[in-house]
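Contents: one structure, followed by commentary.
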Amino acid sequence: MTATMAYATAGIGLFVLGLYALSAYTHLLRKVIALNIMASGIFLVFGAIAHRAPGQGADPVPHALVITGVVVAVSATALALALMLRIQAETGQPRLPDETSD
Amino acid sequence: METIASGQPWIIWAVFSPLVGAIFAFLLPRHASLVGCLAALATSGAILGLVRQVVEFGPQRYLLGGWGAPLGVDLQADGLSVVMLLTAGVVGAGVTVYATGYFQRSSQAARAFWPLWLWLWTAMNALFLSADIFNLYVTLELLSLSAVALVAVSGNADALTGAMRYLLVSLLGSLSYLFGVVLFYGAHGTLDIALLGDLTGPSPADWVATGLMITGLAIKSALFPLHFWLPPAHAAAPAPVSALLSALVVKASFYLLLRLWLDVFPVSTPVAGQLLGVLGAAAIVWGSLKALRQKRLKLLVAYSTVAQLGYLFLAFPLASTLAAATAWSGSVMFIVSHALAKTAMFLAAGNILRSVGHDRIAELGGAQRSATLSWIAFAIAGISIMGLPPSGGFTAKWVMLQAAFASGQWWWSMPIIGGGLLAAAYVFRIVALAFAPIGAPGTSKSVPKRMELAALGFAVAAVMAGFATLQILSLLDSGAPFGQIGAEAVL
Amino acid sequence: MTWNAALPLLVLASSLVPGLIIFCLPEDSKRTRTLLNLTGVGLKLALVAFMVWGVDQGARYEIRLPLLPGLDFVLRADALSMFFALLSSILWLATTVYAIGYLEDSPNRSRFFGFFSLCMTATLGIALSGNLVTFLLFYELLTLATYPLVVHRGTETSLRAGRVYLSYTVTGGVVLLAGIAWLYALAGDLEFTAQGFVAGLVNDHQTALVAIFALLIAGLGVKAALVPLHGWLPQAMVAPAPVSALLHAVAVVKAGAFGIVRVIHDVYGIETAAQLGVTAPLAALASATIVYGSLKALYQTDLKRRLAFSTVSQVSYIALGVAIAGPVATIGGIAHLVHQGLMKVTLFFCAGNLAETLGIRDVTEMRGVGRRMPWTMAAFTLGAFGMIGAPPMAGFFSKWYLASGALEAGQAWVLVVLIVSSLLNAAYFLPVLWTAWFEDPAEAWPAERFYGRFETATTLLVPTVCTAVISLAVGLFASMPFSPLQWAGLVASLEYQQ
């Protein structure tokens, strides 16, 4: 297994792990973290793809895109956390209403 | 594809006008609604300018900063983009007028609404004009984030939880889409839609990428059974926001799906098409049945959106046949007419809610004394939702039916036709209330005239849109997004 | 736009524009509303009369606007459309005057007359439609415009009746849409043409054409109240009397019957239809409806419900006449479009007068009412004899032509249907007449009101007497030019010319 494949497999693994956590847990913070893990998985795959052929330098485009993606993910996370805090303040629960058990 | 043909770069202004407006609305919260109106005016002007250019000179492509693909960011406008832009422009301008009456000047909600709404408009216009799949990801995400924030504007528990669920589902959809982008880039080394279209083929990587993108965009377009997030979010939002979300935001992700289906995904994916069609038909039935059972007016309208979105997906199973261009035209016509009619319905529902103080259907009987025009608007918009002639909803259905018969798959005509029946059931459930004897007076509040007129205007526009069908279809042909001359291909 | 193209639009505008203005009027501006109503009616009647004369002279009135790819919105005046348009305009005049009197002091009059005018616009639109899509447009508009009239009183019963009405008519509209869309996909044309436009498809698409015919007739049959699609009609009786009159005599049921005539004559063509073997089942269905409606009418004691079932029965004469597939029977059927309209509108006006003046709703309460309200009952008697088909009333000519047409076409069984139906008509009308004229009145009427000089309000009495007289006159002067019978002959000759 090449290094590229190892990174890509790990990335896919993270994506699946995050997907599981997103559906399995009801605490909103866990859901937000799960989404971040999924995003990290994708970025990892993207980074691995930049390695086009042995001996050549890395393709710069994926790196630029990953940085953009990270910025988007950060703002989404910020919005999610802000919403979570407001929900906790309004309902006293860091969860969505019909999902009470953890 | 040619670069900008001549004159003003309207394509840039269509994105920048709302962006500049958003910044100023944020910086000058006391004058936010004035800034909003000016930005709406400028944006509408830019869209009209672009429409004229496309009509006169054909599709437009603009290289931001002059770099061009693969490194630069390209903007591109063909008939499909322009029809979407125009729909967004009409709805956006009308909702702007409505919102000046809806939000009290310099209230907390108004301060949040104006920058977010203009930001949403920026993201949407950029999405319709983007020509590479990563740029589309960014615009899609910006669109979702501003839409989520808009849902939360009213700040009550329903709105916050609705927004949160919307955000989680929406991020899931975006990530799924992004994974597809990564795989396409890994396989073909480009992000440009046109270049990708020549390179994709039936390889495993392409299939996985296609599957991920379709799933992600279907979640975002609230395709049954991934629609569960839509009704609470759309119903809990303030009325102008509900209208924007139902009329435009879900259509934006559908537009993206359509664009990729036409230009990027490996050719002829009949199985996926049939599956999307089945889910669309299920959405029509399920959404309508749920609408029939709702106890709140805004939830009923939101479930109606779930049902109506189902029609859009009926074009996919017909697209692998000779009738493809006809089917797509019908689908786009549905987008336009549903946008107008649903805006009217949500605005009218907002007026009714404001005048009566609640939107519990069981207690609305005889409430038509106040906000009479809004009841009328709701009923007229219902004509298009039911798909009765001469409304845009009817012509869309007609074109779609012709595609179903011409493709030899006549069974797809059944959800198209039957859906109208279900729609009539839930529309008249509300309209009948207006004929109950006038209820106890005194509790009702008056609604600013322009809010009522905005609702009525959209309703009338939805019905009259049928007479503009040929114009819309011929505008759609510019650049032949569907591969054939749509308007003539219908024949 | 030329004058000849503008005329059909003007005919529609003459009720649409007043209707839209009336919606905006405050409740108490009675005078403006009445003025608008009557101006609209007068104008429409004049325009239609002018066009009738023009069509007779061979003028062409047509306007088309592009609506769908390959399909136009077409309004055109031909012999059949003018026939229906003239009937509608005349009866609209009578019904408007009647409604003004009837709804004198009830709430929501602006809403009522607004939708009343819309309803008339839709009916005239149906009459003038030049293709099936335009027809569908107005057919659906008619559904939407009549619903508020049915539920006008806003009571629980009327809202329920409204639901029933809608579930039938909207379903009918949807079935009709399916048929029309399929037909267009097959034929690529929907333009009404004498002798139809599908003849070329018979060899290749026989099954499809039969299926489309079934869809079209099912969609139209809902409004024409063909059994078993008639369930909405007796329910809709909760509406105010002028609405019942309008629904039964002109607008709704006639729109359905008119549509059936159009489909057989101008879409399929009588020869093609006969060749496909679809006319015989339709004739059988119409006959079943005729007998069934009369039988049900016999068991109703509520006057308006009895009249409603009588309508179910009588309207099917039109479908029967067209389906027999012979020129003479066709004349009978088409003439019945007008004859039945005049007679039934009279009968409903009478029922409304009785209910409004004396509170009578049930036939058992009508004892001796002939002495209290002789004019009304005289009109009722004329209408009833017309329905039975006694000469020289108009109804007699319909039945006479139907019978001789059936014999000419070699379908003698139709005679049995006609005789049974006439006997049943007599059985449910004659006892009512006997009760009203020859029995002694009860001590007091259920709810009596007095109106000065005449037995009831002038605005109620005049339209009643007028329509009764006209229904007598079209029978007496059946052989004069421009009589319904002669005009029906013109329509039939267009279809049967070779």
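Ordered as shown in the structure tokens, chains take letters A, B, and onward, while each chain numbers its residues from 1 and ligands are numbered from 1 in the order shown.
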Check your understanding: What are the residues of chain A that have an atom within 9 Å of an atom of chain B, counting only C-alpha atoms, as a PyMOL selection string?
Key -> chain A and resi 19+22+28+31-32+35+38-39+42-43+45-46+49-50+52+61-62+65+68-69+72+75-76+79-80+83-84+86-87+90-91+95-97
Check your understanding: Would you list which chain B residues are within 10 Å of chain C using only C-alpha atoms, as a ChimeraX atom specification?
Key -> /B:366,379,383,386-391,394-406,410,413-414,416-422,424-425,428-429,431-438,465-471,473,486-491
What does the file look like for those residues with C-alpha atoms, as a PDB file, in the first residue's frame?
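Output file out_1.pdb follows:
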ATOM      1  CA  GLY B 366     -64.266  33.152   9.534  1.00  0.00           C
ATOM      2  CA  ALA B 379     -56.609  31.089  -3.159  1.00  0.00           C
ATOM      3  CA  ILE B 383     -54.633  27.697  -8.735  1.00  0.00           C
ATOM      4  CA  MET B 386     -53.094  22.722  -8.159  1.00  0.00           C
ATOM      5  CA  GLY B 387     -51.887  23.103 -11.719  1.00  0.00           C
ATOM      6  CA  LEU B 388     -55.096  24.492 -13.194  1.00  0.00           C
ATOM      7  CA  PRO B 389     -54.949  26.466 -16.450  1.00  0.00           C
ATOM      8  CA  PRO B 390     -53.778  29.033 -17.375  1.00  0.00           C
ATOM      9  CA  SER B 391     -51.279  29.130 -14.509  1.00  0.00           C
ATOM     10  CA  PHE B 394     -50.477  24.076 -15.495  1.00  0.00           C
ATOM     11  CA  THR B 395     -48.167  24.755 -18.412  1.00  0.00           C
ATOM     12  CA  ALA B 396     -45.303  23.123 -16.518  1.00  0.00           C
ATOM     13  CA  LYS B 397     -47.461  20.066 -15.969  1.00  0.00           C
ATOM     14  CA  TRP B 398     -48.555  20.055 -19.575  1.00  0.00           C
ATOM     15  CA  VAL B 399     -44.990  20.150 -20.893  1.00  0.00           C
ATOM     16  CA  MET B 400     -44.018  17.402 -18.458  1.00  0.00           C
ATOM     17  CA  LEU B 401     -47.009  15.289 -19.501  1.00  0.00           C
ATOM     18  CA  GLN B 402     -46.057  15.646 -23.137  1.00  0.00           C
ATOM     19  CA  ALA B 403     -42.554  14.472 -22.232  1.00  0.00           C
ATOM     20  CA  ALA B 404     -43.995  11.477 -20.394  1.00  0.00           C
ATOM     21  CA  PHE B 405     -46.146  10.447 -23.364  1.00  0.00           C
ATOM     22  CA  ALA B 406     -43.456  11.193 -25.940  1.00  0.00           C
ATOM     23  CA  TRP B 410     -46.849   7.181 -19.844  1.00  0.00           C
ATOM     24  CA  SER B 413     -48.136  11.001 -16.097  1.00  0.00           C
ATOM     25  CA  MET B 414     -49.989   9.497 -13.171  1.00  0.00           C
ATOM     26  CA  ILE B 416     -48.197  14.458 -12.377  1.00  0.00           C
ATOM     27  CA  ILE B 417     -51.953  14.306 -12.786  1.00  0.00           C
ATOM     28  CA  GLY B 418     -52.822  12.746  -9.443  1.00  0.00           C
ATOM     29  CA  GLY B 419     -50.693  15.257  -7.575  1.00  0.00           C
ATOM     30  CA  GLY B 420     -53.041  18.015  -8.712  1.00  0.00           C
ATOM     31  CA  LEU B 421     -55.917  16.246  -7.015  1.00  0.00           C
ATOM     32  CA  LEU B 422     -54.064  15.985  -3.713  1.00  0.00           C
ATOM     33  CA  ALA B 424     -56.639  20.630  -4.520  1.00  0.00           C
ATOM     34  CA  ALA B 425     -57.537  18.793  -1.329  1.00  0.00           C
ATOM     35  CA  PHE B 428     -59.337  23.946  -0.504  1.00  0.00           C
ATOM     36  CA  ARG B 429     -58.961  22.834   3.085  1.00  0.00           C
ATOM     37  CA  VAL B 431     -59.841  28.221   1.073  1.00  0.00           C
ATOM     38  CA  ALA B 432     -63.060  26.717   2.466  1.00  0.00           C
ATOM     39  CA  LEU B 433     -62.327  28.432   5.787  1.00  0.00           C
ATOM     40  CA  ALA B 434     -62.802  31.781   4.122  1.00  0.00           C
ATOM     41  CA  PHE B 435     -66.449  30.966   3.461  1.00  0.00           C
ATOM     42  CA  ALA B 436     -67.324  30.178   7.050  1.00  0.00           C
ATOM     43  CA  PRO B 437     -69.390  32.888   8.723  1.00  0.00           C
ATOM     44  CA  ILE B 438     -67.363  35.835   9.949  1.00  0.00           C
ATOM     45  CA  ALA B 465     -46.938  32.951 -15.857  1.00  0.00           C
ATOM     46  CA  GLY B 466     -48.709  30.424 -18.050  1.00  0.00           C
ATOM     47  CA  PHE B 467     -49.002  33.030 -20.782  1.00  0.00           C
ATOM     48  CA  ALA B 468     -45.255  33.650 -20.567  1.00  0.00           C
ATOM     49  CA  THR B 469     -44.375  29.976 -21.005  1.00  0.00           C
ATOM     50  CA  LEU B 470     -43.094  30.363 -24.539  1.00  0.00           C
ATOM     51  CA  GLN B 471     -40.909  33.328 -23.613  1.00  0.00           C
ATOM     52  CA  LEU B 473     -38.751  28.389 -22.692  1.00  0.00           C
ATOM     53  CA  GLY B 486     -36.157  23.337 -25.925  1.00  0.00           C
ATOM     54  CA  ALA B 487     -39.150  25.293 -27.116  1.00  0.00           C
ATOM     55  CA  GLU B 488     -39.223  23.634 -30.494  1.00  0.00           C
ATOM     56  CA  ALA B 489     -38.296  20.235 -29.163  1.00  0.00           C
ATOM     57  CA  VAL B 490     -41.538  20.238 -27.221  1.00  0.00           C
ATOM     58  CA  LEU B 491     -43.451  19.997 -30.457  1.00  0.00           C
TER      59      LEU B 491
END
**Study point:** 9 Å contact set for Phe224 of chain B, only C-alpha atoms, chain neighbours under 4 positions out, as a list in words
**Key:** Ala218, Ile219, Phe228, Leu279, Gly280, Ala281, Ala282, Ala283, Ile284, Trp286, Gly287, Val306, Ala307 and Gly310 of chain B
Exercise for review: Point out the residue among B:Ser33, B:Gln76, B:Ser444, B:Thr100 with the least atom-to-atom distance to Leu127 of chain B, counting only C-alpha atoms.
Suggested key: B:Gln76
Practice item. Measure the distance from atom CA of Pro317 of chain B to atom CA of Ala423 of chain B in Å and round it to one decimal. Key: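 Separation of atom CA of Pro317 of chain B and atom CA of Ala423 of chain B: 22.6 Å.
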Practice item. Could you give me, as a PyMOL selection string, the residues within 9 Å of Tyr165 of chain C, counting only C-alpha atoms and dropping anything in the same chain fewer than 3 positions from it? Key: chain C and resi 143+147+150+160-162+168-170+231-233+235-236
Point to revise | alpha helix (DSSP H) positions in segment 298-490 of chain B, given as a PyMOL selection string | key: chain B and resi 298-313+315-318+324-356+372-386+392-406+413-431+449-464+469-476+486-489
If you run DSSP over the backbone, which residues in segment 19-96 of chain C end up strand (DSSP E)? Put them as a PDB file with C-alpha atoms, in the first residue's frame.
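Wrote selection.pdb, looks like this:
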ATOM      1  CA  TYR C  61     -64.834  35.597 -35.295  1.00  0.00           C
ATOM      2  CA  GLU C  62     -61.579  34.228 -34.029  1.00  0.00           C
ATOM      3  CA  ILE C  63     -58.712  35.239 -31.792  1.00  0.00           C
ATOM      4  CA  ARG C  64     -55.622  33.237 -30.876  1.00  0.00           C
ATOM      5  CA  LEU C  65     -52.834  33.886 -28.419  1.00  0.00           C
ATOM      6  CA  PRO C  66     -49.857  31.558 -28.011  1.00  0.00           C
ATOM      7  CA  LEU C  67     -50.108  29.651 -24.710  1.00  0.00           C
ATOM      8  CA  LEU C  68     -48.075  26.472 -24.977  1.00  0.00           C
ATOM      9  CA  LEU C  71     -50.890  25.210 -28.780  1.00  0.00           C
ATOM     10  CA  ASP C  72     -52.838  28.439 -28.757  1.00  0.00           C
ATOM     11  CA  PHE C  73     -55.469  29.961 -26.573  1.00  0.00           C
ATOM     12  CA  VAL C  74     -58.290  30.134 -29.124  1.00  0.00           C
ATOM     13  CA  LEU C  75     -61.690  31.773 -28.962  1.00  0.00           C
ATOM     14  CA  ARG C  76     -63.866  31.172 -31.986  1.00  0.00           C
ATOM     15  CA  ALA C  77     -67.521  31.549 -32.813  1.00  0.00           C
TER      16      ALA C  77
END
**Study point:** Selection: 7 Å around Ala394 of chain C, only C-alpha atoms, excl. self and same-chain fewer than 2 positions, as a VMD selection string
**Key:** chain C and resid 339 386 392 396 to 398 471 to 472 474 to 475
Leu86 of chain C environment, 9 Å, only C-alpha atoms, sequence neighbours closer than 3 positions dropped, as an mmCIF file with N, CA and C atoms, in the first residue's frame:
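File out26.cif, as written:
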data_model
loop_
_atom_site.group_PDB
_atom_site.id
_atom_site.type_symbol
_atom_site.label_atom_id
_atom_site.label_comp_id
_atom_site.auth_asym_id
_atom_site.auth_seq_id
_atom_site.Cartn_x
_atom_site.Cartn_y
_atom_site.Cartn_z
ATOM 1 N N LEU C 45 -75.487 40.447 -24.063
ATOM 2 C CA LEU C 45 -76.589 39.970 -24.880
ATOM 3 C C LEU C 45 -76.524 40.607 -26.267
ATOM 4 N N VAL C 48 -73.579 39.126 -28.226
ATOM 5 C CA VAL C 48 -73.830 37.752 -28.655
ATOM 6 C C VAL C 48 -74.873 37.737 -29.771
ATOM 7 N N ALA C 49 -75.898 38.569 -29.622
ATOM 8 C CA ALA C 49 -76.932 38.604 -30.658
ATOM 9 C C ALA C 49 -76.323 39.036 -31.989
ATOM 10 N N VAL C 52 -74.422 36.154 -33.377
ATOM 11 C CA VAL C 52 -75.299 35.119 -33.915
ATOM 12 C C VAL C 52 -75.692 35.483 -35.343
ATOM 13 N N SER C 81 -71.210 27.026 -30.904
ATOM 14 C CA SER C 81 -70.827 27.879 -29.784
ATOM 15 C C SER C 81 -71.810 29.022 -29.614
ATOM 16 N N MET C 82 -72.294 29.580 -30.721
ATOM 17 C CA MET C 82 -73.233 30.690 -30.588
ATOM 18 C C MET C 82 -74.557 30.227 -30.005
ATOM 19 N N PHE C 83 -74.912 29.005 -30.333
ATOM 20 C CA PHE C 83 -76.131 28.406 -29.786
ATOM 21 C C PHE C 83 -76.084 28.423 -28.264
ATOM 22 N N SER C 89 -76.477 33.719 -22.336
ATOM 23 C CA SER C 89 -76.674 35.147 -22.113
ATOM 24 C C SER C 89 -78.107 35.450 -21.709
ATOM 25 N N ILE C 90 -79.053 34.812 -22.396
ATOM 26 C CA ILE C 90 -80.463 35.087 -22.069
ATOM 27 C C ILE C 90 -80.768 34.630 -20.652
ATOM 28 N N LEU C 91 -80.332 33.424 -20.320
ATOM 29 C CA LEU C 91 -80.632 32.926 -18.987
ATOM 30 C C LEU C 91 -79.861 33.694 -17.919
#
